[in-house]
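Here is target31.cif, consisting of mmCIF, C-alpha atoms:
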```cif
data_coords
loop_
_atom_site.group_PDB
_atom_site.id
_atom_site.type_symbol
_atom_site.label_atom_id
_atom_site.label_comp_id
_atom_site.auth_asym_id
_atom_site.auth_seq_id
_atom_site.Cartn_x
_atom_site.Cartn_y
_atom_site.Cartn_z
ATOM 1 C CA MET A 1253 126.928 99.813 104.885
ATOM 2 C CA LEU A 1254 124.067 102.019 106.105
ATOM 3 C CA PRO A 1255 122.779 105.300 104.629
ATOM 4 C CA THR A 1256 123.995 108.467 106.302
ATOM 5 C CA LEU A 1257 121.709 111.102 107.754
ATOM 6 C CA ARG A 1258 122.910 113.518 105.100
ATOM 7 C CA GLN A 1259 121.914 111.124 102.306
ATOM 8 C CA LEU A 1260 118.484 110.673 103.847
ATOM 9 C CA GLN A 1261 118.152 114.446 104.169
ATOM 10 C CA TYR A 1262 119.031 114.854 100.488
ATOM 11 C CA LEU A 1263 116.330 112.380 99.521
ATOM 12 C CA LYS A 1264 113.745 114.056 101.756
ATOM 13 C CA LEU A 1265 114.510 117.472 100.263
ATOM 14 C CA LEU A 1266 114.396 116.029 96.763
ATOM 15 C CA ALA A 1267 110.933 114.621 97.470
ATOM 16 C CA GLU A 1268 109.761 117.972 98.860
ATOM 17 C CA HIS A 1269 111.118 120.156 96.049
ATOM 18 C CA GLY A 1270 110.889 117.815 93.045
ATOM 19 C CA SER A 1271 114.110 119.235 91.623
ATOM 20 C CA PHE A 1272 117.810 118.534 92.155
ATOM 21 C CA SER A 1273 118.681 122.220 91.901
ATOM 22 C CA ARG A 1274 116.045 123.375 94.416
ATOM 23 C CA ALA A 1275 116.842 120.503 96.789
ATOM 24 C CA ALA A 1276 120.553 121.376 96.611
ATOM 25 C CA GLU A 1277 119.755 125.004 97.374
ATOM 26 C CA ALA A 1278 117.664 123.975 100.397
ATOM 27 C CA ALA A 1279 120.498 121.714 101.606
ATOM 28 C CA HIS A 1280 123.077 124.493 101.065
ATOM 29 C CA VAL A 1281 125.232 122.248 98.884
ATOM 30 C CA SER A 1282 126.090 122.155 95.193
ATOM 31 C CA GLN A 1283 123.843 120.202 92.835
ATOM 32 C CA PRO A 1284 126.652 117.714 91.956
ATOM 33 C CA ALA A 1285 127.203 117.038 95.671
ATOM 34 C CA LEU A 1286 123.508 116.330 96.220
ATOM 35 C CA SER A 1287 123.327 114.133 93.094
ATOM 36 C CA ALA A 1288 126.355 112.172 94.274
ATOM 37 C CA GLY A 1289 124.760 111.673 97.691
ATOM 38 C CA VAL A 1290 121.541 110.354 96.146
ATOM 39 C CA GLN A 1291 123.479 108.049 93.833
ATOM 40 C CA GLU A 1292 125.430 106.655 96.796
ATOM 41 C CA LEU A 1293 122.146 106.091 98.619
ATOM 42 C CA GLU A 1294 120.841 104.152 95.623
ATOM 43 C CA ARG A 1295 124.004 102.040 95.611
ATOM 44 C CA ILE A 1296 123.568 101.246 99.324
ATOM 45 C CA LEU A 1297 119.881 100.361 98.892
ATOM 46 C CA GLY A 1298 120.520 98.420 95.707
ATOM 47 C CA ALA A 1299 117.660 100.103 93.849
ATOM 48 C CA PRO A 1300 116.894 103.491 92.257
ATOM 49 C CA VAL A 1301 115.016 105.934 94.485
ATOM 50 C CA VAL A 1302 114.151 108.516 91.829
ATOM 51 C CA GLU A 1303 113.240 108.597 88.165
ATOM 52 C CA ARG A 1304 115.054 111.395 86.395
ATOM 53 C CA THR A 1305 112.778 112.798 83.709
ATOM 54 C CA ARG A 1306 112.947 116.043 81.791
ATOM 55 C CA GLY A 1307 111.644 118.838 83.990
ATOM 56 C CA ALA A 1308 110.680 116.622 86.932
ATOM 57 C CA VAL A 1309 111.999 114.173 89.501
ATOM 58 C CA LEU A 1310 109.684 111.338 90.483
ATOM 59 C CA LEU A 1311 110.122 108.941 93.383
ATOM 60 C CA THR A 1312 110.185 105.223 92.701
ATOM 61 C CA ALA A 1313 108.292 102.849 94.996
ATOM 62 C CA VAL A 1314 111.555 102.226 96.862
ATOM 63 C CA GLY A 1315 112.170 105.977 97.026
ATOM 64 C CA ALA A 1316 108.717 106.717 98.443
ATOM 65 C CA GLU A 1317 109.179 104.097 101.161
ATOM 66 C CA ALA A 1318 112.682 105.409 101.863
ATOM 67 C CA VAL A 1319 111.358 108.969 102.272
ATOM 68 C CA LYS A 1320 108.676 107.771 104.685
ATOM 69 C CA ARG A 1321 111.268 106.016 106.844
ATOM 70 C CA ALA A 1322 113.803 108.813 106.442
ATOM 71 C CA GLU A 1323 111.371 111.352 107.894
ATOM 72 C CA ASP A 1324 111.111 109.292 111.073
ATOM 73 C CA VAL A 1325 114.880 108.769 111.301
ATOM 74 C CA LEU A 1326 115.630 112.459 110.756
ATOM 75 C CA ALA A 1327 112.956 113.534 113.258
ATOM 76 C CA ARG A 1328 114.475 111.264 115.896
ATOM 77 C CA ALA A 1329 117.945 112.609 115.129
ATOM 78 C CA GLU A 1330 116.673 116.179 115.603
ATOM 79 C CA ASP A 1331 115.048 115.081 118.866
ATOM 80 C CA LEU A 1332 118.397 113.716 120.003
ATOM 81 C CA VAL A 1333 120.183 116.990 119.272
ATOM 82 C CA GLU A 1334 117.558 119.080 121.071
ATOM 83 C CA ALA A 1335 117.512 116.693 124.046
ATOM 84 C CA ALA A 1336 121.302 116.861 124.347
ATOM 85 C CA ARG A 1337 121.362 120.651 124.101
ATOM 86 C CA ASN A 1338 118.685 121.051 126.739
ATOM 87 C CA ALA A 1339 119.625 118.197 129.062
ATOM 88 C CA GLY A 1340 118.507 119.074 132.572
ATOM 89 C CA ARG A 1341 116.717 122.187 131.320
ATOM 90 C CA PRO A 1342 113.167 121.193 130.369
ATOM 91 C CA LEU A 1343 111.261 123.480 128.019
ATOM 92 C CA SER A 1344 114.265 125.552 127.083
ATOM 93 C CA GLY A 1345 115.456 126.336 123.591
ATOM 94 C CA ARG A 1346 113.351 125.799 120.480
ATOM 95 C CA PHE A 1347 109.998 124.045 120.790
ATOM 96 C CA ARG A 1348 107.669 123.842 117.790
ATOM 97 C CA LEU A 1349 104.027 123.622 118.831
ATOM 98 C CA GLY A 1350 101.092 123.023 116.524
ATOM 99 C CA VAL A 1351 97.615 124.172 117.605
ATOM 100 C CA ILE A 1352 94.241 123.663 115.925
ATOM 101 C CA PRO A 1353 92.352 126.849 114.894
ATOM 102 C CA THR A 1354 89.380 126.207 117.205
ATOM 103 C CA VAL A 1355 91.739 126.295 120.204
ATOM 104 C CA ALA A 1356 94.664 128.607 119.358
ATOM 105 C CA PRO A 1357 93.021 132.071 119.611
ATOM 106 C CA PHE A 1358 91.222 131.230 122.863
ATOM 107 C CA LEU A 1359 93.729 129.138 124.837
ATOM 108 C CA LEU A 1360 97.077 130.678 123.920
ATOM 109 C CA PRO A 1361 96.485 134.342 124.879
ATOM 110 C CA ALA A 1362 95.386 133.215 128.336
ATOM 111 C CA LYS A 1363 98.178 130.713 128.937
ATOM 112 C CA LEU A 1364 101.305 131.925 127.140
ATOM 113 C CA PRO A 1365 102.206 134.718 129.615
ATOM 114 C CA GLY A 1366 102.309 132.222 132.487
ATOM 115 C CA LEU A 1367 104.233 129.734 130.360
ATOM 116 C CA ARG A 1368 106.803 132.404 129.540
ATOM 117 C CA ASP A 1369 107.211 133.260 133.235
ATOM 118 C CA ALA A 1370 107.634 129.598 134.195
ATOM 119 C CA TYR A 1371 110.062 128.783 131.376
ATOM 120 C CA PRO A 1372 111.855 132.017 130.405
ATOM 121 C CA LYS A 1373 114.400 130.236 128.181
ATOM 122 C CA LEU A 1374 111.690 128.571 126.074
ATOM 123 C CA LYS A 1375 111.575 129.720 122.443
ATOM 124 C CA LEU A 1376 108.117 128.678 121.338
ATOM 125 C CA PHE A 1377 107.248 128.554 117.642
ATOM 126 C CA ILE A 1378 103.495 128.259 116.970
ATOM 127 C CA ARG A 1379 101.969 126.653 113.900
ATOM 128 C CA GLU A 1380 98.178 126.880 113.547
ATOM 129 C CA ASP A 1381 96.678 124.205 111.311
ATOM 130 C CA LEU A 1382 93.977 121.542 111.001
ATOM 131 C CA THR A 1383 94.347 118.274 112.917
ATOM 132 C CA PRO A 1384 95.209 115.957 109.979
ATOM 133 C CA ARG A 1385 98.056 118.213 108.875
ATOM 134 C CA LEU A 1386 99.346 118.622 112.429
ATOM 135 C CA ILE A 1387 99.387 114.842 112.931
ATOM 136 C CA ALA A 1388 101.338 114.476 109.686
ATOM 137 C CA ALA A 1389 103.727 117.214 110.842
ATOM 138 C CA LEU A 1390 104.240 115.411 114.160
ATOM 139 C CA LYS A 1391 105.107 112.161 112.441
ATOM 140 C CA ALA A 1392 107.441 113.934 110.014
ATOM 141 C CA GLY A 1393 109.192 115.802 112.824
ATOM 142 C CA HIS A 1394 108.109 119.240 111.628
ATOM 143 C CA VAL A 1395 106.530 120.026 115.007
ATOM 144 C CA ASP A 1396 107.488 118.714 118.462
ATOM 145 C CA ALA A 1397 103.965 118.576 119.886
ATOM 146 C CA ALA A 1398 100.454 119.661 118.964
ATOM 147 C CA VAL A 1399 97.370 120.818 120.842
ATOM 148 C CA ILE A 1400 94.450 118.918 119.332
ATOM 149 C CA ALA A 1401 90.952 117.811 120.341
ATOM 150 C CA LEU A 1402 89.809 114.231 120.913
ATOM 151 C CA PRO A 1403 88.218 111.985 119.875
ATOM 152 C CA TYR A 1404 90.531 111.652 116.883
ATOM 153 C CA GLU A 1405 92.035 108.391 115.635
ATOM 154 C CA ALA A 1406 95.784 108.570 114.987
ATOM 155 C CA SER A 1407 98.299 105.747 115.293
ATOM 156 C CA GLY A 1408 101.802 106.360 116.623
ATOM 157 C CA ILE A 1409 100.676 109.345 118.697
ATOM 158 C CA GLU A 1410 100.589 109.748 122.491
ATOM 159 C CA HIS A 1411 98.971 112.543 124.439
ATOM 160 C CA ALA A 1412 98.523 114.278 127.804
ATOM 161 C CA ARG A 1413 95.272 115.856 128.883
ATOM 162 C CA ILE A 1414 94.716 119.613 129.098
ATOM 163 C CA GLY A 1415 91.019 119.455 129.964
ATOM 164 C CA ASP A 1416 87.451 119.151 128.678
ATOM 165 C CA ASP A 1417 85.790 121.765 126.498
ATOM 166 C CA GLU A 1418 81.990 121.689 126.460
ATOM 167 C CA ILE A 1419 80.227 122.043 123.103
ATOM 168 C CA LEU A 1420 77.445 124.657 123.189
ATOM 169 C CA ALA A 1421 74.690 125.652 120.774
ATOM 170 C CA ALA A 1422 74.643 129.070 119.111
ATOM 171 C CA ALA A 1423 71.402 130.337 117.578
ATOM 172 C CA PRO A 1424 70.074 133.670 116.291
ATOM 173 C CA ALA A 1425 68.575 135.613 119.191
ATOM 174 C CA GLY A 1426 65.055 135.379 117.709
ATOM 175 C CA HIS A 1427 65.256 131.660 116.893
ATOM 176 C CA PRO A 1428 62.793 129.323 118.700
ATOM 177 C CA LEU A 1429 65.726 127.324 120.103
ATOM 178 C CA ALA A 1430 66.996 130.455 121.841
ATOM 179 C CA GLN A 1431 63.843 130.869 123.920
ATOM 180 C CA GLY A 1432 64.635 128.194 126.523
ATOM 181 C CA ALA A 1433 67.490 127.888 129.003
ATOM 182 C CA THR A 1434 68.780 124.698 127.364
ATOM 183 C CA ILE A 1435 68.468 122.897 124.044
ATOM 184 C CA ARG A 1436 67.621 119.245 123.639
ATOM 185 C CA PRO A 1437 69.884 117.589 121.027
ATOM 186 C CA GLY A 1438 66.927 116.047 119.203
ATOM 187 C CA SER A 1439 65.538 119.483 118.409
ATOM 188 C CA LEU A 1440 68.448 120.259 116.050
ATOM 189 C CA LYS A 1441 67.984 119.358 112.409
ATOM 190 C CA SER A 1442 70.847 119.034 109.949
ATOM 191 C CA ASP A 1443 69.150 121.304 107.404
ATOM 192 C CA ASP A 1444 69.054 124.126 109.995
ATOM 193 C CA LEU A 1445 72.781 123.919 110.730
ATOM 194 C CA ILE A 1446 75.670 126.042 109.612
ATOM 195 C CA LEU A 1447 79.036 124.483 110.317
ATOM 196 C CA LEU A 1448 82.748 124.850 109.962
ATOM 197 C CA GLU A 1449 84.030 123.558 106.639
ATOM 198 C CA ASP A 1450 85.302 120.008 106.241
ATOM 199 C CA GLY A 1451 88.639 119.378 107.925
ATOM 200 C CA HIS A 1452 87.759 121.019 111.251
ATOM 201 C CA CYS A 1453 87.471 118.252 113.837
ATOM 202 C CA LEU A 1454 85.005 120.291 115.942
ATOM 203 C CA ARG A 1455 82.442 119.866 113.174
ATOM 204 C CA ASP A 1456 82.579 116.069 113.230
ATOM 205 C CA GLN A 1457 82.964 115.833 117.019
ATOM 206 C CA ALA A 1458 79.835 117.938 117.625
ATOM 207 C CA LEU A 1459 77.724 116.018 115.105
ATOM 208 C CA ALA A 1460 78.851 112.672 116.523
ATOM 209 C CA ALA A 1461 78.320 113.719 120.148
ATOM 210 C CA LEU A 1462 74.783 114.844 119.366
ATOM 211 C CA ASP A 1463 74.016 111.926 117.050
ATOM 212 C CA ILE A 1464 73.187 114.180 114.095
ATOM 213 C CA ASP A 1465 73.650 112.960 110.543
ATOM 214 C CA PRO A 1466 76.181 115.082 108.647
ATOM 215 C CA PRO A 1467 74.522 117.413 106.106
ATOM 216 C CA ARG A 1468 74.930 116.452 102.459
ATOM 217 C CA GLY A 1469 77.582 118.217 100.371
ATOM 218 C CA ASP A 1470 76.254 121.585 99.249
ATOM 219 C CA ASP A 1471 73.184 121.493 101.497
ATOM 220 C CA VAL A 1472 74.838 123.475 104.289
ATOM 221 C CA PHE A 1473 76.565 126.804 104.772
ATOM 222 C CA ALA A 1474 80.214 126.256 105.725
ATOM 223 C CA ALA A 1475 82.444 128.756 107.503
ATOM 224 C CA THR A 1476 86.236 128.861 107.457
ATOM 225 C CA SER A 1477 86.590 129.991 111.089
ATOM 226 C CA LEU A 1478 84.609 130.299 114.323
ATOM 227 C CA HIS A 1479 84.634 134.087 113.974
ATOM 228 C CA THR A 1480 82.916 133.813 110.591
ATOM 229 C CA LEU A 1481 80.534 131.206 111.991
ATOM 230 C CA VAL A 1482 79.355 133.542 114.750
ATOM 231 C CA GLN A 1483 78.706 136.312 112.219
ATOM 232 C CA MET A 1484 76.640 133.920 110.094
ATOM 233 C CA VAL A 1485 74.584 132.843 113.129
ATOM 234 C CA GLY A 1486 74.075 136.478 114.091
ATOM 235 C CA SER A 1487 72.806 137.173 110.569
ATOM 236 C CA GLY A 1488 70.076 134.579 111.044
ATOM 237 C CA LEU A 1489 71.448 131.995 108.642
ATOM 238 C CA GLY A 1490 71.039 129.089 111.039
ATOM 239 C CA VAL A 1491 72.160 127.337 114.213
ATOM 240 C CA SER A 1492 75.643 126.058 114.988
ATOM 241 C CA PHE A 1493 78.070 124.837 117.658
ATOM 242 C CA LEU A 1494 80.682 126.723 119.654
ATOM 243 C CA PRO A 1495 83.324 125.429 122.056
ATOM 244 C CA SER A 1496 83.007 126.717 125.609
ATOM 245 C CA MET A 1497 86.535 128.165 125.589
ATOM 246 C CA ALA A 1498 85.601 130.404 122.651
ATOM 247 C CA VAL A 1499 82.461 131.618 124.424
ATOM 248 C CA LYS A 1500 84.424 132.337 127.626
ATOM 249 C CA ALA A 1501 86.912 134.313 125.543
ATOM 250 C CA GLY A 1502 84.065 136.577 124.354
ATOM 251 C CA LEU A 1503 83.644 135.260 120.809
ATOM 252 C CA ALA A 1504 79.841 135.196 121.066
ATOM 253 C CA ASP A 1505 79.453 138.566 122.795
ATOM 254 C CA ASN A 1506 76.930 139.636 120.190
ATOM 255 C CA PRO A 1507 73.314 140.609 121.019
ATOM 256 C CA ALA A 1508 72.198 138.852 117.832
ATOM 257 C CA VAL A 1509 73.598 135.509 119.024
ATOM 258 C CA ALA A 1510 72.174 133.364 121.833
ATOM 259 C CA VAL A 1511 74.380 130.634 123.323
ATOM 260 C CA ARG A 1512 72.702 127.736 125.119
ATOM 261 C CA PRO A 1513 73.975 124.489 126.690
ATOM 262 C CA PHE A 1514 72.577 121.148 125.599
ATOM 263 C CA ALA A 1515 70.328 119.241 127.999
ATOM 264 C CA ARG A 1516 71.172 115.516 128.127
ATOM 265 C CA GLU A 1517 69.253 112.809 129.949
ATOM 266 C CA ASP A 1518 72.546 111.305 131.138
ATOM 267 C CA ASP A 1519 73.603 114.728 132.482
ATOM 268 C CA GLN A 1520 76.728 114.507 130.323
ATOM 269 C CA PRO A 1521 76.812 117.505 127.968
ATOM 270 C CA PRO A 1522 78.662 117.037 124.680
ATOM 271 C CA ARG A 1523 82.313 117.913 125.003
ATOM 272 C CA ARG A 1524 85.695 117.420 123.412
ATOM 273 C CA GLU A 1525 88.925 116.597 125.222
ATOM 274 C CA ILE A 1526 91.825 118.992 124.601
ATOM 275 C CA VAL A 1527 95.254 117.359 124.742
ATOM 276 C CA VAL A 1528 98.898 117.914 123.924
ATOM 277 C CA ALA A 1529 99.964 115.187 121.482
ATOM 278 C CA TRP A 1530 103.422 114.022 120.439
ATOM 279 C CA ARG A 1531 105.012 111.314 118.329
ATOM 280 C CA SER A 1532 105.456 107.974 120.110
ATOM 281 C CA GLY A 1533 109.089 107.581 121.105
ATOM 282 C CA SER A 1534 109.852 111.298 120.961
ATOM 283 C CA SER A 1535 112.617 112.416 123.290
ATOM 284 C CA ARG A 1536 110.525 115.521 124.006
ATOM 285 C CA ALA A 1537 107.619 113.574 125.502
ATOM 286 C CA ALA A 1538 108.452 114.742 129.043
ATOM 287 C CA GLU A 1539 108.481 118.357 127.874
ATOM 288 C CA ALA A 1540 105.154 117.862 126.095
ATOM 289 C CA ARG A 1541 103.686 116.616 129.366
ATOM 290 C CA LEU A 1542 105.017 119.704 131.162
ATOM 291 C CA LEU A 1543 103.455 121.830 128.468
ATOM 292 C CA ALA A 1544 100.089 120.133 128.997
ATOM 293 C CA GLU A 1545 100.301 120.930 132.715
ATOM 294 C CA ALA A 1546 101.073 124.580 131.954
ATOM 295 C CA LEU A 1547 98.134 124.806 129.535
ATOM 296 C CA THR A 1548 95.595 123.055 131.792
ATOM 297 C CA LEU A 1549 92.103 124.493 131.401
ATOM 298 C CA ASP A 1550 90.762 126.386 134.402
#
```
Represent the structure of the file as structure tokens.
Amino acid sequence: MLPTLRQLQYLKLLAEHGSFSRAAEAAHVSQPALSAGVQELERILGAPVVERTRGAVLLTAVGAEAVKRAEDVLARAEDLVEAARNAGRPLSGRFRLGVIPTVAPFLLPAKLPGLRDAYPKLKLFIREDLTPRLIAALKAGHVDAAVIALPYEASGIEHARIGDDEILAAAPAGHPLAQGATIRPGSLKSDDLILLEDGHCLRDQALAALDIDPPRGDDVFAATSLHTLVQMVGSGLGVSFLPSMAVKAGLADNPAVAVRPFAREDDQPPRREIVVAWRSGSSRAAEARLLAEALTLD
């Protein structure tokens, strides 16, 4: 006998909520019904999946592995339902799209009107988050696709290209680096940098592309968003990096901020590749590819 999807859903909700009563509420069933489903799952697996302690529910090793596999099974089942509902009608119905914060406010306003015209039956739900959490959400089936920036190592993920986004330097208008038309990468020092906080892939991609050692711990100002970063540069706190799409969208339209490209001997300026990513094996892969075409950078 195999576990049912409902039993796997009960276990997943139990892991998320840590309580039989809250998991039952999320599943819209009674607590005894959910408990019975979990007990039947344990009988099928031949091992306990949870430890029932006062005030808490803890997963066993078998339970943790079962949850990990259940997330994939449930995500594929949801894919099947959506694919069946929208057979022959690509990009129609619900589509959950994750987008990283250094892309969302600059790409989406320019592209969503055209996407809506091309696919009027599409109901797009946007989730803005950092790359590691979006990759986890993809694998768990919480989003159908995600707009992220490469390079980024992630197994079990496929992608389609949107385009390249050049990485530019941003310096206070009176800074020596702002005096020339371009900036040589070697002229940037880590102790002069202000960056996005840890977790933003643009931070690591820019440092790696320019071969700059990451600043140590508390030795650098860190901003939570590109908007804050530009204000810090304009206040004279240091030099930083901005993606070209943000500059084109007017983010750095500030007389106190000078934006300059990097001069490279190989004539290859630092850049990141913007892609639409999806879980390997997803039934919505074809739609994700269509989405990448619709979002292609100009």
Counting all atoms listed in the file, figure out which residue out of A:Glu1545, A:Glu1277, A:Asp1444, A:Glu1323 gets nearest to Leu1260 (chain A).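 Looking at the shortest contact to Leu1260 (chain A), the residue is A:Glu1323.
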Check which residues satisfy the PyMOL selection byres ((chain A and resi 1259) around 10) in the file shown, then give them as a list of chain:residue names.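 This file, filtered by the PyMOL selection byres ((chain A and resi 1259) around 10), leaves A:Pro1255, A:Thr1256, A:Leu1257, A:Arg1258, A:Leu1260, A:Gln1261, A:Tyr1262, A:Leu1263, A:Lys1264, A:Leu1265, A:Leu1286, A:Ser1287, A:Ala1288, A:Gly1289, A:Val1290, A:Gln1291, A:Glu1292, A:Leu1293, A:Glu1294, A:Ala1322.
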Got a sec to check which residues sit within 9 Å of (101.4, 107.7, 121.8), counting all atoms listed in the file, and write them as a list in words?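 The residues near that point, listed by chain and number, are Ala1406, Ser1407, Gly1408, Ile1409, Glu1410, His1411, Ala1529, Trp1530, Arg1531, Ser1532 and Gly1533 of chain A.
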Give the answer as one residue: which of A:Ser1535, A:Met1484, A:Arg1524, A:Ala1299 has the shortest atom-to-atom distance to Ile1414 (chain A), using all atoms listed in the file? A:Arg1524
Every residue with an atom at most 12 Å from (67.8, 118.3, 118.8) (file coordinates; all atoms listed in the file) is what I'm after, so could you write them as number ranges by chain? A: 1421, 1429, 1434-1445, 1459, 1461-1465, 1491-1492, 1513-1516
Can you tell me, as a PyMOL selection string, what residues are no more than 12 Å from Gly1490 (chain A) when counting only C-alpha atoms, ignoring any on the same chain fewer than 3 positions away? chain A and resi 1421-1430+1440-1447+1472-1475+1481-1487+1493+1508-1510
Could you state the separation of CA of Val1355 (chain A) and CA of Met1497 (chain A) in Å, given to one decimal place?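 Calculated distance between CA of Val1355 (chain A) and CA of Met1497 (chain A) is 7.7 Å.
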List every residue of region 1340-1425 of chain A that has an atom at most 6 Å from any atom of region 1519-1523 of chain A, and for each one report the closest atom pair and its distance in Å to one decimal, counting all atoms listed in the file, with rows sorted by chain and then by increasing residue number, as JSON lines.
```
{"residue": "A:Asp1417", "atom": "CA", "partner": "A:Arg1523", "partner_atom": "CA", "distance": 5.4}
{"residue": "A:Glu1418", "atom": "CA", "partner": "A:Arg1523", "partner_atom": "CA", "distance": 4.1}
{"residue": "A:Ile1419", "atom": "CA", "partner": "A:Arg1523", "partner_atom": "CA", "distance": 5.0}
```
Which is closest to Ala1398 (chain A) among A:Asp1456, A:Val1281, A:His1479, A:Arg1536, if we use all atoms listed in the file? A:Arg1536
Check what the PyMOL selection byres ((chain A and resi 1544) around 8) selects in the file above and give those residues as a CSV table (one decimal) with C-alpha atoms, in the frame of the given file.
```
chain,number,residue,atom,x,y,z
A,1412,ALA,CA,98.5,114.3,127.8
A,1413,ARG,CA,95.3,115.9,128.9
A,1414,ILE,CA,94.7,119.6,129.1
A,1527,VAL,CA,95.3,117.4,124.7
A,1528,VAL,CA,98.9,117.9,123.9
A,1540,ALA,CA,105.2,117.9,126.1
A,1541,ARG,CA,103.7,116.6,129.4
A,1542,LEU,CA,105.0,119.7,131.2
A,1543,LEU,CA,103.5,121.8,128.5
A,1545,GLU,CA,100.3,120.9,132.7
A,1546,ALA,CA,101.1,124.6,132.0
A,1547,LEU,CA,98.1,124.8,129.5
A,1548,THR,CA,95.6,123.1,131.8
```
Neighbours of Arg1274 (chain A) within 12 Å (only C-alpha atoms; same-chain residues fewer than 2 positions away dropped), as a PyMOL selection string? chain A and resi 1262+1265-1272+1276-1283+1286-1287+1308-1309
How many Å separate CA of Glu1334 (chain A) from CA of Ala1538 (chain A)?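 Taking CA of Glu1334 (chain A) as the start and CA of Ala1538 (chain A) as the end point, the length is 12.9 Å.
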Smallest atom-to-atom distance to Asp1450 (chain A): which of A:Ser1534, A:Thr1476, A:Thr1312, A:Asn1506, using only C-alpha atoms? A:Thr1476
